[in-house]
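Engineer: This structure is in C-alpha cells; I'll ask about it shortly.
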Amino acid sequence: MSDPTDPPLADLEEMLRLAEAMAFASPAPLTARALGNALPEGNDADAVLAALAARYAGRGVELVQVAGGWQFRTAPDLAARLRRVVQVPRRLPRVAMETLAIIAYHQPVTRPEIEEIRGAALSQQTLDQLLEGGLVQPRGRKETPGRPTMWGTTPAFLAQFGLNDLGDLPRRQDLFVEPPSQPSHASPPPSPAGEQTLPEPEG
Amino acid sequence: MSDPTDPPLADLEEMLRLAEAMAFASPAPLTARALGNALPEGNDADAVLAALAARYAGRGVELVQVAGGWQFRTAPDLAARLRRVVQVPRRLPRVAMETLAIIAYHQPVTRPEIEEIRGAALSQQTLDQLLEGGLVQPRGRKETPGRPTMWGTTPAFLAQFGLNDLGDLPRRQDLFVEPPSQPSHASPPPSPAGEQTLPEPEG
Amino acid sequence: MAAVAESPPPEPVPADALLLRLDGFEGPLDLLLELARGQKVDLARISILALVEQYLAVIEGARRIRLELAADWLVMAAWLTWLKSRLLLPSGSEAADEAETAAEILAARLRDLQLVRAAAIWLGGRLQLGQDVFARGAAEDLTETDRSRLAADLPGLLRAYLAAARRGASGRRYRPAALTVWTVQSALARLAQLVGSLPDWASLERFLPEHMASPMERRAALSSTLLAGLEMARGGAIRLRQEIAFGPILVGRGRHDAPHDTLDEPDDVRPH
C-alpha cells in the first residue's frame, strides 16, 4: 500500500516515473502487483507498465515482459554489439604437457612407452585432457601382446604450437646437450629434422 | 575503435541509443572514453552523454556523473518509495563514517595515523565494514618500522557518495568555520596508538 | 542535494550527564571535543585550562562511581593534570612555554577531530548509492568467457619434454613397473556385468578389462578372470567350455532351468 505520508502521485507522469525507478532498481522483474501496491488505489498498474514499455520502445534500453514481470533490458541489437568475448585460455597441467611432448617426439607411441620415458604412470585423466583438447589421437594398435593403442598428435596440435608440420619441432639432439639413454623397448624417436619421415597425422 | 563491420550509426539518435545501452549495461560508471571508442570517429562522446543526461532529467531514472563516468540512478525523490521494494543495507555507523572521512582526506594513511587523529583505537569491525562496502583498499605499505599498510579510498567510494573525484570533497576550510592554525610538534598529548607525530593532512 | 550537517547540540552538556554516558564516547579526545563544544566559542579560542578542569572533573566523578575506566582515559587524565600544573605557572618560564606548546597541540588535535566529524557529517549528508538512490538492480553481464583456448606454447612444450626425458632417464635403473593387479573380486564383478551383453560362447579374453597394456598384467588378469569364471560356473551363473586343450576358453550364459548343471566339460578347464 502507498504510504499516506508520501506526496500524492499527481498524474500518469508521476506514476510512470515511479514504475520506471522500480523496474530499474528491482533485482527481480517488477510485477504489476508490486507496482500496484505502490500506486494510489484505483490505478491500473498494467496500464502504467504498458505505457512505460511503449515509451521505451525502440530506445537503447527497453522494458520487456519476462517471466513474472517487467524488466529493463539492453535492446537486443545493441546487446549483440556490446557483447565482448573474454578469452581465458586454459593451462594444461604439467603432467599433460609432458605427456603431449613425449607423444609429439615419439609418435606413434603406446601408453607403456610414454610411462617408460616419463618414468611415471600415466593416468587416464591426463590422456583424457589431451583428447578433449583435440591434441592427440589414436594411431592404430601396436602388434605386441595386448595390442596397445598407439598415440600421435593431431593437426590441432600443430596449430596450437604454431608448427607447420612435425618437422618444425626442434631436433632432439638440439635439445639435449647429453642425450638421455633411450629406453630399450620404446619405438625409435622420429627425428623431426626429416631424416626419417613421420607418419602423416590422420585427422 | 568502432568495428568497421558494425552498421554505421545513422545520427545522434543512434548514438544516444548506444550511449544509453552502454551506460545501462555497464556495472561501473561509463566513461566518455569508453563511449568514444564505440562511437564512429569524429563524434564527441561528452556531448552525447550530456544530451542523454538532459533527456533523462526529471525522469524516474537519471543519468548522473560519478566516479569519473556516467551512471543511471533512480531519482532521489523516489527514495522513500523504493526503500520499500529494494533491499537497503544498513547505513554506516558514525565511527565508520569518521574513519572513512579520515581515509578520504589523508590517504594514503596508516591505521596508527587514523587512530592518532580520532584519539581512539580502530576496531576490526569498523575496518571490516569499510572493506565489505568496497570503500577502502590497501595502498601499499609505509616505509616506517613495522611497514604498516596504508589505506585509500576506492572508485566505489566515489560512486557511493556521488562524487566525481576526490576533488569534489569540500576543502578543509569550507568544512571549518576558521582555518586551523598549523600545529607545531612538541610533546603532544598521549594517543592510544602511541605515535608521537601528527599526520600531515594532504587536504 | 540533501540536508548537509546536523547542527551540533545547541546546549552544553552538563558534566554529570556526560558521566552517565561515558561509554558513548570514542575515547578521551572525543569527550574533550564534546566539552570544548560546550564552551560555545570557536575551537581556535577555547580555554584549554577550563577544558582540562572539566575533563578531570568528569573522570574524577567516574572514578567515584565505578573504578572500571579504560587505561587511555586515565593516561589522558594524568597528562592533563601535568598540563594543568604547567599552565598555572607564571608565563615566561621554560616549563610554562612547554605547556603553552602542548596546549596548542591539544587544541590542534581537537580541531582536526572536529574537521573529521564535519567531513563525516558532510559525507553522511550525501545522497548515497544503495540508500537514497539506486543503481540497476539486475545486473546484465554482456561479457562472455571463452575458455576453449589453450595456454600452451612451444617453449612450454619443449621445457616439458626436457623435464620428462631427464626425469625418465635419471630413474631408468631397473625398477619393476607397478602392476595393476586385476583382483578376482573385480573379475567377478566384470564377468557378472558383461555376461548378458556379450554373445554366448565369447572367449574369456573378451571379459578382460581394457587398458591392460603390459603382457604381465594381461596374464594376471586372465588368471583372475578364469578363477572368477570357475566360481560363477560353480554357482550356475555361467557355463565354461574349452574345445581343444590350450584353446580359448569360452563363456556362455548359465542355464536357469538347470542351475546345478555346472561345468559342461570341467576336465577341459585348466589354467594356462
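Starting from 1 in every chain, residues are counted up; chains themselves are A, B, ... following the order of the C-alpha cells, and ligands are numbered from 1 as listed.
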Using only C-alpha atoms and a cut-off of 6 Å, which residues of chain A sit close to chain C? Please list them as a list in words.
Structural biologist: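 Putting it all together, I get Phe24, Ala25, Ser26, Pro27, Arg83, Arg84, Val85, Val86, Gln87, Val88, Pro89, Arg90, Arg91, Met97, Glu98, Ala101, Ile117, Arg118, Gly119, Pro145, Gly146, Pro148, Phe161 and Pro180 of chain A.
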Engineer: Quick check: residues of chain B within 7 Å of chain A, only C-alpha atoms, returned as a VMD selection string.
Structural biologist: chain B and resid 17 to 18 20 to 21 25 59 to 61 74 78 82 86
Engineer: Report as a PDB file with N, CA and C atoms, in the first residue's frame all protein, DNA and RNA residues lying within 6 Å of range 121-128 of chain A, evaluated on only C-alpha atoms, omitting residues in the same chain fewer than 4 positions from it.
Structural biologist:
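Ended up saving to out_26.pdb:
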```pdb
ATOM      1  N   ALA A  96      50.219 -33.311 -18.209  1.00  0.00           N
ATOM      2  CA  ALA A  96      49.636 -33.387 -19.546  1.00  0.00           C
ATOM      3  C   ALA A  96      50.601 -32.803 -20.575  1.00  0.00           C
ATOM      4  N   GLU A 115      54.979 -44.073 -20.362  1.00  0.00           N
ATOM      5  CA  GLU A 115      55.272 -44.221 -18.934  1.00  0.00           C
ATOM      6  C   GLU A 115      56.746 -44.507 -18.719  1.00  0.00           C
ATOM      7  N   GLU A 132      40.484 -34.371 -25.058  1.00  0.00           N
ATOM      8  CA  GLU A 132      39.477 -33.305 -25.070  1.00  0.00           C
ATOM      9  C   GLU A 132      39.997 -32.070 -25.798  1.00  0.00           C
TER      10      GLU A 132
END
```
Engineer: What does the structure give for the distance between CA of Pro170 in chain B and CA of Ala119 in chain C, in Å to one decimal?
Structural biologist: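 About the pair CA of Pro170 in chain B and CA of Ala119 in chain C: they are 7.9 Å apart.
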Engineer: Please return as a PyMOL selection string: the residues of range 101-187 of chain B that backbone DSSP assigns to helix (DSSP H, G or I).
Structural biologist: chain B and resi 101-106+111-118+124-132+155-160+166-168+172-175
Engineer: Export N, CA and C atoms of the chosen residues as a compact mmCIF listing (two decimals), in the first residue's frame?
Structural biologist:
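Contents of out_30.txt, freshly written:
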```txt
# COMPACT_ATOMS: atom_id res chain seq x y z
N ALA B 101 36.09 9.23 6.51
CA ALA B 101 36.42 10.63 6.23
C ALA B 101 37.92 10.85 6.40
N ILE B 102 38.51 10.26 7.44
CA ILE B 102 39.95 10.41 7.65
C ILE B 102 40.71 9.81 6.48
N ILE B 103 40.30 8.61 6.06
CA ILE B 103 40.99 7.96 4.95
C ILE B 103 40.84 8.80 3.69
N ALA B 104 39.64 9.33 3.47
CA ALA B 104 39.40 10.12 2.25
C ALA B 104 40.29 11.35 2.21
N TYR B 105 40.44 12.00 3.36
CA TYR B 105 41.20 13.26 3.39
C TYR B 105 42.70 13.05 3.53
N HIS B 106 43.11 11.98 4.17
CA HIS B 106 44.53 11.82 4.49
C HIS B 106 45.20 10.73 3.68
N ARG B 111 46.84 2.77 9.74
CA ARG B 111 45.94 2.60 10.87
C ARG B 111 46.39 3.39 12.10
N PRO B 112 47.69 3.37 12.47
CA PRO B 112 48.10 4.19 13.63
C PRO B 112 47.81 5.67 13.40
N GLU B 113 47.95 6.13 12.18
CA GLU B 113 47.66 7.54 11.91
C GLU B 113 46.18 7.84 12.07
N ILE B 114 45.35 6.90 11.62
CA ILE B 114 43.89 7.07 11.79
C ILE B 114 43.55 7.13 13.28
N GLU B 115 44.16 6.23 14.03
CA GLU B 115 43.89 6.18 15.46
C GLU B 115 44.38 7.44 16.16
N GLU B 116 45.49 7.96 15.68
CA GLU B 116 46.03 9.20 16.23
C GLU B 116 45.04 10.35 16.05
N ILE B 117 44.49 10.42 14.86
CA ILE B 117 43.58 11.53 14.57
C ILE B 117 42.29 11.40 15.38
N ARG B 118 41.77 10.17 15.43
CA ARG B 118 40.50 10.00 16.14
C ARG B 118 40.71 9.93 17.65
N GLN B 124 38.44 -3.75 14.55
CA GLN B 124 38.43 -4.60 13.37
C GLN B 124 37.07 -4.51 12.68
N GLN B 125 36.04 -4.40 13.49
CA GLN B 125 34.68 -4.33 12.95
C GLN B 125 34.53 -3.14 12.00
N THR B 126 35.09 -2.02 12.41
CA THR B 126 34.97 -0.83 11.57
C THR B 126 35.71 -1.01 10.25
N LEU B 127 36.92 -1.56 10.34
CA LEU B 127 37.68 -1.79 9.12
C LEU B 127 36.93 -2.77 8.22
N ASP B 128 36.35 -3.80 8.83
CA ASP B 128 35.59 -4.78 8.05
C ASP B 128 34.41 -4.14 7.34
N GLN B 129 33.73 -3.24 8.04
CA GLN B 129 32.57 -2.58 7.42
C GLN B 129 33.00 -1.80 6.18
N LEU B 130 34.13 -1.12 6.28
CA LEU B 130 34.59 -0.34 5.14
C LEU B 130 35.07 -1.24 4.00
N LEU B 131 35.71 -2.34 4.37
CA LEU B 131 36.20 -3.25 3.34
C LEU B 131 35.04 -3.97 2.66
N GLU B 132 34.05 -4.37 3.46
CA GLU B 132 32.90 -5.06 2.88
C GLU B 132 32.17 -4.18 1.88
N PRO B 155 37.20 3.64 -6.18
CA PRO B 155 36.18 4.24 -7.05
C PRO B 155 34.76 3.99 -6.52
N ALA B 156 34.56 2.84 -5.84
CA ALA B 156 33.23 2.55 -5.29
C ALA B 156 32.87 3.58 -4.21
N PHE B 157 33.89 4.09 -3.51
CA PHE B 157 33.63 5.14 -2.53
C PHE B 157 33.07 6.38 -3.23
N LEU B 158 33.71 6.75 -4.33
CA LEU B 158 33.23 7.91 -5.10
C LEU B 158 31.80 7.66 -5.57
N ALA B 159 31.57 6.45 -6.10
CA ALA B 159 30.25 6.13 -6.64
C ALA B 159 29.20 6.15 -5.53
N GLN B 160 29.55 5.59 -4.39
CA GLN B 160 28.56 5.50 -3.31
C GLN B 160 28.14 6.89 -2.82
N LEU B 166 38.05 12.88 -6.07
CA LEU B 166 38.33 13.29 -4.69
C LEU B 166 38.30 14.81 -4.54
N GLY B 167 38.51 15.52 -5.65
CA GLY B 167 38.45 16.97 -5.62
C GLY B 167 37.05 17.49 -5.29
N ASP B 168 36.04 16.63 -5.38
CA ASP B 168 34.68 17.04 -5.03
C ASP B 168 34.47 17.10 -3.51
N ARG B 172 39.10 21.69 3.44
CA ARG B 172 39.09 21.77 4.90
C ARG B 172 38.51 23.10 5.37
N GLN B 173 38.92 24.16 4.70
CA GLN B 173 38.48 25.48 5.19
C GLN B 173 36.98 25.67 4.95
N ASP B 174 36.41 24.89 4.02
CA ASP B 174 34.97 25.01 3.80
C ASP B 174 34.19 24.21 4.83
N LEU B 175 34.87 23.22 5.42
CA LEU B 175 34.23 22.43 6.46
C LEU B 175 34.32 23.17 7.79
```
Engineer: Please measure the separation of CA of Leu226 in chain C and CA of Ile244 in chain C, giving the value in Å to one decimal.
Structural biologist: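 That distance, rounded to one decimal, is 16.3 Å.
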Engineer: Tell me, which residues of chain A carry DSSP strand (DSSP E or B), written as a PDB file with N, CA and C atoms, in the first residue's frame?
Structural biologist:
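As a result, out33.pdb now contains:
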```
ATOM      1  N   LEU A  30       9.714  -6.637 -12.242  1.00  0.00           N
ATOM      2  CA  LEU A  30       8.686  -5.919 -11.485  1.00  0.00           C
ATOM      3  C   LEU A  30       7.310  -6.446 -11.879  1.00  0.00           C
ATOM      4  N   VAL A  61      17.508   1.044 -24.389  1.00  0.00           N
ATOM      5  CA  VAL A  61      17.096   0.196 -23.278  1.00  0.00           C
ATOM      6  C   VAL A  61      15.601   0.001 -23.439  1.00  0.00           C
ATOM      7  N   GLU A  62      15.132  -1.227 -23.282  1.00  0.00           N
ATOM      8  CA  GLU A  62      13.712  -1.479 -23.472  1.00  0.00           C
ATOM      9  C   GLU A  62      13.126  -2.159 -22.245  1.00  0.00           C
ATOM     10  N   LEU A  63      11.845  -1.900 -22.033  1.00  0.00           N
ATOM     11  CA  LEU A  63      11.141  -2.566 -20.942  1.00  0.00           C
ATOM     12  C   LEU A  63      10.445  -3.783 -21.535  1.00  0.00           C
ATOM     13  N   VAL A  64      10.888  -4.947 -21.128  1.00  0.00           N
ATOM     14  CA  VAL A  64      10.332  -6.157 -21.731  1.00  0.00           C
ATOM     15  C   VAL A  64       9.655  -7.003 -20.671  1.00  0.00           C
ATOM     16  N   GLN A  65       8.688  -7.796 -21.135  1.00  0.00           N
ATOM     17  CA  GLN A  65       7.972  -8.670 -20.233  1.00  0.00           C
ATOM     18  C   GLN A  65       8.726  -9.988 -20.180  1.00  0.00           C
ATOM     19  N   VAL A  66       9.193 -10.334 -18.991  1.00  0.00           N
ATOM     20  CA  VAL A  66       9.896 -11.605 -18.828  1.00  0.00           C
ATOM     21  C   VAL A  66       9.121 -12.413 -17.810  1.00  0.00           C
ATOM     22  N   GLY A  69       7.197 -10.756 -14.740  1.00  0.00           N
ATOM     23  CA  GLY A  69       7.051  -9.310 -14.643  1.00  0.00           C
ATOM     24  C   GLY A  69       7.764  -8.565 -15.744  1.00  0.00           C
ATOM     25  N   TRP A  70       8.117  -7.322 -15.437  1.00  0.00           N
ATOM     26  CA  TRP A  70       8.722  -6.435 -16.418  1.00  0.00           C
ATOM     27  C   TRP A  70      10.140  -6.080 -15.988  1.00  0.00           C
ATOM     28  N   GLN A  71      11.032  -6.025 -16.953  1.00  0.00           N
ATOM     29  CA  GLN A  71      12.423  -5.730 -16.641  1.00  0.00           C
ATOM     30  C   GLN A  71      13.047  -4.924 -17.784  1.00  0.00           C
ATOM     31  N   PHE A  72      13.906  -3.979 -17.393  1.00  0.00           N
ATOM     32  CA  PHE A  72      14.656  -3.260 -18.413  1.00  0.00           C
ATOM     33  C   PHE A  72      15.766  -4.146 -18.943  1.00  0.00           C
ATOM     34  N   ARG A  73      15.911  -4.162 -20.233  1.00  0.00           N
ATOM     35  CA  ARG A  73      16.983  -4.925 -20.869  1.00  0.00           C
ATOM     36  C   ARG A  73      17.613  -4.069 -21.951  1.00  0.00           C
ATOM     37  N   THR A  74      18.883  -4.285 -22.167  1.00  0.00           N
ATOM     38  CA  THR A  74      19.546  -3.630 -23.282  1.00  0.00           C
ATOM     39  C   THR A  74      18.875  -4.090 -24.583  1.00  0.00           C
ATOM     40  N   ARG A  84      31.086  -8.721 -25.408  1.00  0.00           N
ATOM     41  CA  ARG A  84      32.522  -8.904 -25.547  1.00  0.00           C
ATOM     42  C   ARG A  84      32.865 -10.306 -25.107  1.00  0.00           C
ATOM     43  N   VAL A  85      33.652 -10.962 -25.906  1.00  0.00           N
ATOM     44  CA  VAL A  85      34.103 -12.293 -25.534  1.00  0.00           C
ATOM     45  C   VAL A  85      35.474 -12.163 -24.890  1.00  0.00           C
ATOM     46  N   VAL A  86      35.578 -12.636 -23.684  1.00  0.00           N
ATOM     47  CA  VAL A  86      36.848 -12.578 -22.973  1.00  0.00           C
ATOM     48  C   VAL A  86      37.503 -13.947 -23.074  1.00  0.00           C
ATOM     49  N   GLN A  87      38.648 -13.962 -23.681  1.00  0.00           N
ATOM     50  CA  GLN A  87      39.354 -15.233 -23.819  1.00  0.00           C
ATOM     51  C   GLN A  87      40.136 -15.517 -22.551  1.00  0.00           C
ATOM     52  N   ARG A  90      42.884 -21.938 -21.089  1.00  0.00           N
ATOM     53  CA  ARG A  90      43.173 -22.914 -20.027  1.00  0.00           C
ATOM     54  C   ARG A  90      44.659 -23.254 -20.060  1.00  0.00           C
ATOM     55  N   ARG A  91      45.202 -23.609 -18.932  1.00  0.00           N
ATOM     56  CA  ARG A  91      46.566 -24.128 -18.900  1.00  0.00           C
ATOM     57  C   ARG A  91      46.505 -25.641 -18.842  1.00  0.00           C
ATOM     58  N   VAL A 109      53.296 -43.771 -30.320  1.00  0.00           N
ATOM     59  CA  VAL A 109      53.869 -44.272 -29.083  1.00  0.00           C
ATOM     60  C   VAL A 109      52.748 -44.811 -28.202  1.00  0.00           C
ATOM     61  N   THR A 110      53.035 -45.904 -27.511  1.00  0.00           N
ATOM     62  CA  THR A 110      51.999 -46.511 -26.667  1.00  0.00           C
ATOM     63  C   THR A 110      52.091 -45.951 -25.257  1.00  0.00           C
ATOM     64  N   VAL A 136      45.762 -35.000 -29.285  1.00  0.00           N
ATOM     65  CA  VAL A 136      46.296 -36.327 -29.626  1.00  0.00           C
ATOM     66  C   VAL A 136      45.156 -37.192 -30.142  1.00  0.00           C
ATOM     67  N   GLN A 137      45.533 -38.239 -30.856  1.00  0.00           N
ATOM     68  CA  GLN A 137      44.529 -39.172 -31.369  1.00  0.00           C
ATOM     69  C   GLN A 137      45.147 -40.564 -31.449  1.00  0.00           C
ATOM     70  N   PRO A 138      44.317 -41.598 -31.440  1.00  0.00           N
ATOM     71  CA  PRO A 138      44.842 -42.961 -31.584  1.00  0.00           C
ATOM     72  C   PRO A 138      45.415 -43.123 -32.983  1.00  0.00           C
ATOM     73  N   ARG A 139      46.471 -43.885 -33.055  1.00  0.00           N
ATOM     74  CA  ARG A 139      47.106 -44.100 -34.362  1.00  0.00           C
ATOM     75  C   ARG A 139      47.324 -45.586 -34.568  1.00  0.00           C
ATOM     76  N   GLY A 140      46.243 -46.351 -34.406  1.00  0.00           N
ATOM     77  CA  GLY A 140      46.330 -47.785 -34.594  1.00  0.00           C
ATOM     78  C   GLY A 140      46.830 -48.483 -33.342  1.00  0.00           C
ATOM     79  N   ARG A 141      47.054 -49.796 -33.487  1.00  0.00           N
ATOM     80  CA  ARG A 141      47.497 -50.559 -32.337  1.00  0.00           C
ATOM     81  C   ARG A 141      48.843 -51.192 -32.636  1.00  0.00           C
ATOM     82  N   THR A 149      47.139 -49.412 -27.803  1.00  0.00           N
ATOM     83  CA  THR A 149      46.881 -48.298 -28.715  1.00  0.00           C
ATOM     84  C   THR A 149      48.137 -47.437 -28.843  1.00  0.00           C
ATOM     85  N   MET A 150      48.394 -47.008 -30.045  1.00  0.00           N
ATOM     86  CA  MET A 150      49.492 -46.065 -30.251  1.00  0.00           C
ATOM     87  C   MET A 150      48.883 -44.667 -30.403  1.00  0.00           C
ATOM     88  N   TRP A 151      49.631 -43.681 -29.931  1.00  0.00           N
ATOM     89  CA  TRP A 151      49.120 -42.316 -29.946  1.00  0.00           C
ATOM     90  C   TRP A 151      49.991 -41.405 -30.785  1.00  0.00           C
ATOM     91  N   GLY A 152      49.335 -40.442 -31.392  1.00  0.00           N
ATOM     92  CA  GLY A 152      50.057 -39.446 -32.168  1.00  0.00           C
ATOM     93  C   GLY A 152      49.390 -38.093 -31.995  1.00  0.00           C
ATOM     94  N   THR A 153      50.027 -37.065 -32.522  1.00  0.00           N
ATOM     95  CA  THR A 153      49.451 -35.723 -32.395  1.00  0.00           C
ATOM     96  C   THR A 153      48.513 -35.446 -33.566  1.00  0.00           C
TER      97      THR A 153
END
```
Engineer: Rounded to one decimal, what separation in Å do you get between CA of Glu60 in chain C and CA of Ser47 in chain C?
Structural biologist: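 For CA of Glu60 in chain C relative to CA of Ser47 in chain C, the distance reads 19.9 Å.
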